[in-house]
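Q: Pasting input38.cif below, which is mmCIF, C-alpha atoms.
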data_structure
loop_
_atom_site.group_PDB
_atom_site.id
_atom_site.type_symbol
_atom_site.label_atom_id
_atom_site.label_comp_id
_atom_site.auth_asym_id
_atom_site.auth_seq_id
_atom_site.Cartn_x
_atom_site.Cartn_y
_atom_site.Cartn_z
ATOM 1 C CA PHE A 1 12.529 -12.079 -13.835
ATOM 2 C CA VAL A 2 15.639 -10.891 -12.028
ATOM 3 C CA PHE A 3 17.856 -10.864 -15.128
ATOM 4 C CA LEU A 4 15.972 -7.901 -16.568
ATOM 5 C CA SER A 5 17.236 -5.682 -13.780
ATOM 6 C CA THR A 6 20.897 -6.426 -14.459
ATOM 7 C CA GLY A 7 23.035 -5.188 -17.336
ATOM 8 C CA LEU A 8 22.367 -7.243 -20.457
ATOM 9 C CA VAL A 9 25.421 -5.962 -22.297
ATOM 10 C CA ARG A 10 28.964 -5.045 -21.386
ATOM 11 C CA ARG A 11 29.423 -1.336 -21.949
ATOM 12 C CA GLY A 12 32.615 0.258 -23.138
ATOM 13 C CA SER A 13 33.779 3.799 -23.556
ATOM 14 C CA ALA A 14 31.545 6.810 -23.858
ATOM 15 C CA VAL A 15 31.038 8.306 -27.310
ATOM 16 C CA PRO A 16 29.109 11.478 -28.191
ATOM 17 C CA ARG A 17 25.769 9.669 -28.652
ATOM 18 C CA GLY A 18 26.062 7.114 -25.826
ATOM 19 C CA ARG A 19 28.236 4.113 -24.963
ATOM 20 C CA ILE A 20 29.911 1.491 -27.085
ATOM 21 C CA VAL A 21 28.599 -2.040 -26.496
ATOM 22 C CA LEU A 22 31.499 -4.470 -26.121
ATOM 23 C CA GLY A 23 29.621 -7.728 -25.789
ATOM 24 C CA LEU A 24 26.871 -9.672 -24.105
ATOM 25 C CA SER A 25 26.541 -10.438 -20.436
ATOM 26 C CA PHE A 26 25.219 -13.737 -19.108
ATOM 27 C CA PRO A 27 21.626 -12.474 -18.599
ATOM 28 C CA TRP A 28 21.254 -11.721 -22.331
ATOM 29 C CA GLU A 29 21.623 -15.385 -23.204
ATOM 30 C CA ARG A 30 19.264 -16.459 -20.420
ATOM 31 C CA ILE A 31 16.583 -14.082 -21.680
ATOM 32 C CA ALA A 32 17.079 -15.252 -25.269
ATOM 33 C CA ALA A 33 16.613 -18.858 -24.096
ATOM 34 C CA GLU A 34 13.530 -17.895 -22.092
ATOM 35 C CA LEU A 35 11.955 -16.326 -25.199
ATOM 36 C CA GLU A 36 12.108 -19.678 -26.960
ATOM 37 C CA GLN A 37 10.207 -21.292 -24.089
ATOM 38 C CA ASP A 38 7.742 -18.456 -23.503
ATOM 39 C CA PRO A 39 7.123 -16.022 -26.403
ATOM 40 C CA ASP A 40 5.145 -13.723 -24.095
ATOM 41 C CA PHE A 41 8.248 -13.224 -21.976
ATOM 42 C CA LEU A 42 9.064 -10.406 -24.376
ATOM 43 C CA PHE A 43 6.333 -8.310 -22.752
ATOM 44 C CA ARG A 44 8.204 -8.282 -19.444
ATOM 45 C CA PHE A 45 10.387 -5.638 -21.035
ATOM 46 C CA VAL A 46 7.409 -3.232 -20.915
ATOM 47 C CA ALA A 47 8.252 -2.467 -17.290
ATOM 48 C CA MET A 48 11.941 -1.972 -18.130
ATOM 49 C CA PRO A 49 12.316 -0.296 -21.529
ATOM 50 C CA ARG A 50 16.042 0.390 -21.068
ATOM 51 C CA ALA A 51 16.621 -3.333 -20.604
ATOM 52 C CA PHE A 52 14.819 -3.884 -23.921
ATOM 53 C CA GLU A 53 17.138 -1.385 -25.604
ATOM 54 C CA GLU A 54 20.100 -3.311 -24.177
ATOM 55 C CA PHE A 55 18.612 -6.605 -25.340
ATOM 56 C CA VAL A 56 18.250 -5.323 -28.911
ATOM 57 C CA ALA A 57 21.784 -3.871 -28.828
ATOM 58 C CA GLY A 58 22.999 -7.278 -27.668
ATOM 59 C CA ALA A 59 21.253 -8.944 -30.589
ATOM 60 C CA TYR A 60 23.242 -6.775 -32.988
ATOM 61 C CA VAL A 61 26.462 -7.748 -31.214
ATOM 62 C CA GLN A 62 25.439 -11.400 -31.487
ATOM 63 C CA SER A 63 24.732 -10.830 -35.196
ATOM 64 C CA GLY A 64 28.334 -9.768 -35.739
ATOM 65 C CA TRP A 65 27.979 -6.019 -36.170
ATOM 66 C CA SER A 66 31.389 -4.491 -35.529
ATOM 67 C CA ASP A 67 30.240 -1.226 -33.971
ATOM 68 C CA VAL A 68 27.196 -1.089 -31.664
ATOM 69 C CA THR A 69 26.274 1.994 -29.625
ATOM 70 C CA LEU A 70 23.585 2.202 -26.982
ATOM 71 C CA THR A 71 22.451 5.823 -27.037
ATOM 72 C CA LYS A 72 21.838 8.000 -24.008
ATOM 73 C CA GLN A 73 18.561 7.393 -22.184
ATOM 74 C CA THR A 74 17.326 10.937 -22.635
ATOM 75 C CA ARG A 75 17.404 13.189 -25.652
ATOM 76 C CA ASP A 76 18.369 10.337 -27.922
ATOM 77 C CA GLY A 77 16.715 11.945 -30.960
ATOM 78 C CA GLY A 78 14.384 9.005 -31.515
ATOM 79 C CA ILE A 79 17.222 6.508 -31.776
ATOM 80 C CA ASP A 80 18.119 3.959 -29.095
ATOM 81 C CA VAL A 81 20.738 1.803 -30.800
ATOM 82 C CA ILE A 82 23.164 2.699 -33.594
ATOM 83 C CA VAL A 83 25.023 -0.053 -35.413
ATOM 84 C CA SER A 84 27.565 0.217 -38.165
ATOM 85 C CA ALA A 85 29.923 -1.911 -40.168
ATOM 86 C CA ASP A 86 32.212 -1.584 -43.144
ATOM 87 C CA VAL A 87 30.952 -3.664 -46.042
ATOM 88 C CA PRO A 88 33.583 -4.461 -48.688
ATOM 89 C CA GLY A 89 32.644 -2.953 -52.036
ATOM 90 C CA VAL A 90 29.778 -0.979 -50.491
ATOM 91 C CA GLY A 91 31.225 1.226 -47.768
ATOM 92 C CA ARG A 92 30.090 2.010 -44.242
ATOM 93 C CA ILE A 93 26.521 1.030 -43.353
ATOM 94 C CA VAL A 94 24.971 2.839 -40.375
ATOM 95 C CA VAL A 95 21.632 1.672 -38.982
ATOM 96 C CA ALA A 96 19.547 3.668 -36.490
ATOM 97 C CA ASN A 97 17.190 1.536 -34.394
ATOM 98 C CA GLU A 98 14.289 2.903 -32.350
ATOM 99 C CA VAL A 99 13.129 0.406 -29.728
ATOM 100 C CA LYS A 100 9.550 0.307 -28.386
ATOM 101 C CA ALA A 101 8.723 -1.896 -25.373
ATOM 102 C CA TYR A 102 4.928 -1.936 -25.691
ATOM 103 C CA SER A 103 2.295 -4.142 -24.091
ATOM 104 C CA PRO A 104 0.405 -6.616 -26.329
ATOM 105 C CA GLY A 105 -2.588 -4.313 -26.764
ATOM 106 C CA ARG A 106 -0.557 -1.226 -27.616
ATOM 107 C CA ILE A 107 0.531 -1.006 -31.220
ATOM 108 C CA VAL A 108 3.239 1.115 -32.789
ATOM 109 C CA GLY A 109 1.654 3.785 -34.956
ATOM 110 C CA VAL A 110 2.627 6.240 -37.655
ATOM 111 C CA LYS A 111 3.618 8.921 -35.136
ATOM 112 C CA ASP A 112 6.125 6.567 -33.461
ATOM 113 C CA VAL A 113 7.722 5.568 -36.764
ATOM 114 C CA SER A 114 7.735 9.167 -38.033
ATOM 115 C CA ARG A 115 10.274 10.111 -35.368
ATOM 116 C CA VAL A 116 12.912 7.656 -36.521
ATOM 117 C CA VAL A 117 12.227 8.386 -40.199
ATOM 118 C CA ALA A 118 12.759 12.087 -39.449
ATOM 119 C CA ALA A 119 15.961 11.252 -37.577
ATOM 120 C CA ILE A 120 17.480 9.406 -40.518
ATOM 121 C CA GLY A 121 16.313 12.135 -42.889
ATOM 122 C CA ALA A 122 18.035 14.778 -40.772
ATOM 123 C CA ASN A 123 21.274 12.794 -40.558
ATOM 124 C CA PRO A 124 22.692 11.779 -43.953
ATOM 125 C CA GLY A 125 25.156 9.479 -42.173
ATOM 126 C CA PHE A 126 22.374 6.982 -41.454
ATOM 127 C CA SER A 127 21.838 4.358 -44.129
ATOM 128 C CA LYS A 128 18.673 2.839 -42.716
ATOM 129 C CA ALA A 129 16.213 2.963 -39.839
ATOM 130 C CA VAL A 130 14.773 0.022 -37.942
ATOM 131 C CA VAL A 131 11.905 0.152 -35.477
ATOM 132 C CA THR A 132 11.839 -2.836 -33.139
ATOM 133 C CA THR A 133 8.916 -3.516 -30.827
ATOM 134 C CA THR A 134 7.688 -6.143 -28.423
ATOM 135 C CA SER A 135 4.219 -5.633 -29.898
ATOM 136 C CA ARG A 136 3.112 -5.020 -33.502
ATOM 137 C CA PHE A 137 2.623 -2.196 -35.998
ATOM 138 C CA SER A 138 -0.604 -0.604 -37.160
ATOM 139 C CA ALA A 139 -1.590 -1.208 -40.783
ATOM 140 C CA ASP A 140 -1.264 2.545 -41.346
ATOM 141 C CA VAL A 141 2.491 2.329 -40.814
ATOM 142 C CA SER A 142 2.996 0.166 -43.903
ATOM 143 C CA LYS A 143 0.713 2.420 -45.930
ATOM 144 C CA GLU A 144 2.493 5.587 -44.807
ATOM 145 C CA PHE A 145 6.075 4.348 -45.133
ATOM 146 C CA GLY A 146 5.822 1.513 -47.669
ATOM 147 C CA GLN A 147 7.977 3.396 -50.183
ATOM 148 C CA LEU A 148 10.875 3.309 -47.692
ATOM 149 C CA MET A 149 10.676 -0.425 -46.999
ATOM 150 C CA PRO A 150 12.763 -2.496 -46.917
ATOM 151 C CA GLY A 151 15.737 -0.445 -48.135
ATOM 152 C CA ARG A 152 15.558 2.577 -45.826
ATOM 153 C CA LEU A 153 13.114 1.356 -43.171
ATOM 154 C CA GLU A 154 12.598 -2.010 -41.522
ATOM 155 C CA LEU A 155 9.795 -2.835 -39.106
ATOM 156 C CA LYS A 156 10.580 -5.599 -36.639
ATOM 157 C CA ASP A 157 7.566 -6.616 -34.552
ATOM 158 C CA GLY A 158 7.634 -9.006 -31.600
ATOM 159 C CA ALA A 159 7.267 -12.092 -33.797
ATOM 160 C CA ALA A 160 10.094 -11.000 -36.113
ATOM 161 C CA LEU A 161 12.281 -10.181 -33.120
ATOM 162 C CA ARG A 162 11.707 -13.611 -31.567
ATOM 163 C CA ALA A 163 12.542 -15.256 -34.913
ATOM 164 C CA TRP A 164 15.749 -13.203 -35.162
ATOM 165 C CA ILE A 165 16.787 -14.172 -31.631
ATOM 166 C CA ALA A 166 16.026 -17.859 -32.301
ATOM 167 C CA LYS A 167 18.156 -17.706 -35.465
ATOM 168 C CA LEU A 168 21.027 -16.114 -33.537
ATOM 169 C CA ARG A 169 20.838 -18.809 -30.863
ATOM 170 C CA SER A 170 20.804 -21.605 -33.453
ATOM 171 C CA LYS A 171 24.097 -20.352 -34.902
ATOM 172 C CA ARG A 172 25.908 -20.797 -31.584
#
What's the C-alpha cells form of this structure?
A:
Amino acid sequence: FVFLSTGLVRRGSAVPRGRIVLGLSFPWERIAAELEQDPDFLFRFVAMPRAFEEFVAGAYVQSGWSDVTLTKQTRDGGIDVIVSADVPGVGRIVVANEVKAYSPGRIVGVKDVSRVVAAIGANPGFSKAVVTTTSRFSADVSKEFGQLMPGRLELKDGAALRAWIAKLRSKR
C-alpha cells in the first residue's frame, strides 16, 4: 500500500526529543478508512514501523491532544510518541507511548512493556505510559503490571487500536 511509504503526519519544528506533529496528512485518513474495511491491514505496518509510529501520533492529533511529539527514530528511550495537554483543575498530563508494529504471531511481552514502564519511572514528568501494538499482549503482561493499570499504564492491542480509530472517524 503506497500510502505507508509517505508521511502520515505533518511535522513541525524540532524539539529536544523529536519533532512536533502539526496535523494529519491525506494518507493517514486513507489508512484509517482501509482499517475499517480490512482489519488485517494493520499488519502492513510491520514492514514500516516508523509509519506505524506516525499513524499512532496522528491518532492523538485526531483525538484533540494539543501537543504531540514524534520522538527521534534512534535512542528514543523506549518512547515513540509523547502527548500532553493542560487539563483544567488537574494540570498538565504527559503520556509516553511506545509503539510496537508486530506480526500477528508475535506478541508483546513483559520485557517490551518493562522498557516503557522504566522510562516513565525515570522521568517524573510523565503521567502515564501507553503501549500500542498491531498484535496483542501476553497474559504475563497483565499479571506483571496489573497494579499500574489503567492509571499509570494502558495496553492498546490491535483490536483496541482499530476501535479507537473507528471512533475517531465516526466523530468527523
Q: List the neighbours of segment 118-129 of chain A out to 8 Å using only C-alpha atoms; skip same-chain residues closer than 2 positions along the sequence, and give me the result as a count of residues only.
A: 17
Q: Can you work out the spacing between atom CA of Trp28 of chain A and atom CA of Phe55 of chain A in Å, to one decimal?
A: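 Between atom CA of Trp28 of chain A and atom CA of Phe55 of chain A the gap works out to 6.5 Å.
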Q: Selected by the PyMOL selection byres ((chain A and resi 142) around 12) in the shown coordinates: which residues, as a PDB file with C-alpha atoms, in the coordinates of the input?
A:
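Output file part19.pdb follows:
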ATOM      1  CA  VAL A 108       3.239   1.115 -32.789  1.00  0.00           C
ATOM      2  CA  GLY A 109       1.654   3.785 -34.956  1.00  0.00           C
ATOM      3  CA  VAL A 110       2.627   6.240 -37.655  1.00  0.00           C
ATOM      4  CA  VAL A 113       7.722   5.568 -36.764  1.00  0.00           C
ATOM      5  CA  SER A 114       7.735   9.167 -38.033  1.00  0.00           C
ATOM      6  CA  ARG A 136       3.112  -5.020 -33.502  1.00  0.00           C
ATOM      7  CA  PHE A 137       2.623  -2.196 -35.998  1.00  0.00           C
ATOM      8  CA  SER A 138      -0.604  -0.604 -37.160  1.00  0.00           C
ATOM      9  CA  ALA A 139      -1.590  -1.208 -40.783  1.00  0.00           C
ATOM     10  CA  ASP A 140      -1.264   2.545 -41.346  1.00  0.00           C
ATOM     11  CA  VAL A 141       2.491   2.329 -40.814  1.00  0.00           C
ATOM     12  CA  LYS A 143       0.713   2.420 -45.930  1.00  0.00           C
ATOM     13  CA  GLU A 144       2.493   5.587 -44.807  1.00  0.00           C
ATOM     14  CA  PHE A 145       6.075   4.348 -45.133  1.00  0.00           C
ATOM     15  CA  GLY A 146       5.822   1.513 -47.669  1.00  0.00           C
ATOM     16  CA  GLN A 147       7.977   3.396 -50.183  1.00  0.00           C
ATOM     17  CA  LEU A 148      10.875   3.309 -47.692  1.00  0.00           C
ATOM     18  CA  MET A 149      10.676  -0.425 -46.999  1.00  0.00           C
ATOM     19  CA  PRO A 150      12.763  -2.496 -46.917  1.00  0.00           C
ATOM     20  CA  LEU A 153      13.114   1.356 -43.171  1.00  0.00           C
ATOM     21  CA  GLU A 154      12.598  -2.010 -41.522  1.00  0.00           C
ATOM     22  CA  LEU A 155       9.795  -2.835 -39.106  1.00  0.00           C
ATOM     23  CA  LYS A 156      10.580  -5.599 -36.639  1.00  0.00           C
TER      24      LYS A 156
END
Q: List the neighbours of Ile20 of chain A out to 9 Å using only C-alpha atoms; skip same-chain residues closer than 5 positions along the sequence, and give me the result as a list in words.
A: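 Answer for this query is Arg10, Arg11, Gly12, Ser13, Ala14, Val15, Asp67, Val68, Thr69, Leu70 and Thr71 of chain A.
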Q: For Ala32 of chain A, which residue among A:Ala47, A:Ala160, A:Val81, A:Leu168 is the nearest when counting only C-alpha atoms?
A: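 When distances to Ala32 of chain A are compared using only C-alpha atoms, the smallest one comes from A:Leu168.
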Q: Counting only C-alpha atoms, what is within 12 Å of Lys167 of chain A, bar same-chain residues fewer than 3 positions away, as an MDAnalysis selection string?
A: chainID A and resid 32:33 36 59 62:63 160:164 170:172
Q: Restricted to C-alpha atoms, what would the selected residues look like written as a tab-separated table (two decimals), keeping the file's coordinate frame?
A:
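Wrote it out as again11.tsv, contents follow:
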chain	number	residue	atom	x	y	z
A	32	ALA	CA	17.08	-15.25	-25.27
A	33	ALA	CA	16.61	-18.86	-24.10
A	36	GLU	CA	12.11	-19.68	-26.96
A	59	ALA	CA	21.25	-8.94	-30.59
A	62	GLN	CA	25.44	-11.40	-31.49
A	63	SER	CA	24.73	-10.83	-35.20
A	160	ALA	CA	10.09	-11.00	-36.11
A	161	LEU	CA	12.28	-10.18	-33.12
A	162	ARG	CA	11.71	-13.61	-31.57
A	163	ALA	CA	12.54	-15.26	-34.91
A	164	TRP	CA	15.75	-13.20	-35.16
A	170	SER	CA	20.80	-21.60	-33.45
A	171	LYS	CA	24.10	-20.35	-34.90
A	172	ARG	CA	25.91	-20.80	-31.58
Q: Interatomic distance between atom CA of Val87 of chain A and atom CA of Ser66 of chain A?
A: 10.6 Å
Q: For the file shown, report as a list in words the outcome of the PyMOL selection byres ((chain A and resi 23) around 6) at residue level.
A: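 Given this file, the PyMOL selection byres ((chain A and resi 23) around 6) evaluates to Val9, Arg10, Val21, Leu22 and Leu24 of chain A.
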Q: Name the closest residue to Ser135 of chain A among the candidates A:Val117, A:Met48, A:Val61, A:Leu42; distances are taken between atoms, counting only C-alpha atoms.
A: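 Under the stated criterion, the closest residue is A:Leu42.
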Q: Give me, please, the distance in Å between atom CA of Ala85 of chain A and atom CA of Lys72 of chain A, quoted to one decimal.
A: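 One can read the atom CA of Ala85 of chain A to atom CA of Lys72 of chain A distance as 20.6 Å.
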Q: Point out the residue among A:Val99, A:Ile107, A:Val130, A:Ile31 with the least atom-to-atom distance to Val56 of chain A, counting only C-alpha atoms.
A: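 Between A:Val99, A:Ile107, A:Val130, A:Ile31, the residue approaching Val56 of chain A most closely is A:Val99.
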Q: Compare A:Glu29, A:Asp38, A:Asp80, A:Asp112 by their minimum atom-to-atom distance to Arg50 of chain A, counting all atoms listed in the file, and give me the closest one.
A: A:Asp80
Q: Which of these, A:Arg106, A:Arg30, A:Arg17, A:Arg44, has the shortest distance to Arg169 of chain A once you count all atoms listed in the file?
A: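 So, comparing all the options, the nearest one is A:Arg30.
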Q: Which centre and edge lengths in Å to one decimal define the box along x, y and z that fits every listed atom of segment 57-63 of chain A plus 8 Å per side, as JSON?
A:
{"center_x": 23.9, "center_y": -7.6, "center_z": -31.4, "size_x": 21.2, "size_y": 23.5, "size_z": 23.5}
Q: Which neighbours of Asp40 of chain A fall inside 12 Å, counting only C-alpha atoms, when residues of the same chain fewer than 5 positions from it are skipped, and could you give them as a tab-separated table (two decimals) with C-alpha atoms, keeping the file's coordinate frame?
A:
chain	number	residue	atom	x	y	z
A	31	ILE	CA	16.58	-14.08	-21.68
A	34	GLU	CA	13.53	-17.90	-22.09
A	35	LEU	CA	11.96	-16.33	-25.20
A	45	PHE	CA	10.39	-5.64	-21.04
A	46	VAL	CA	7.41	-3.23	-20.92
A	102	TYR	CA	4.93	-1.94	-25.69
A	103	SER	CA	2.30	-4.14	-24.09
A	104	PRO	CA	0.40	-6.62	-26.33
A	134	THR	CA	7.69	-6.14	-28.42
A	135	SER	CA	4.22	-5.63	-29.90
A	158	GLY	CA	7.63	-9.01	-31.60
A	159	ALA	CA	7.27	-12.09	-33.80
A	162	ARG	CA	11.71	-13.61	-31.57
Q: Find, counting all atoms listed in the file, the residue in A:Arg19, A:Lys111, A:Arg92, A:Lys100 that gets nearest to Asp157 of chain A.
A: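 With all atoms listed in the file as the atom set, the closest residue is A:Lys100.
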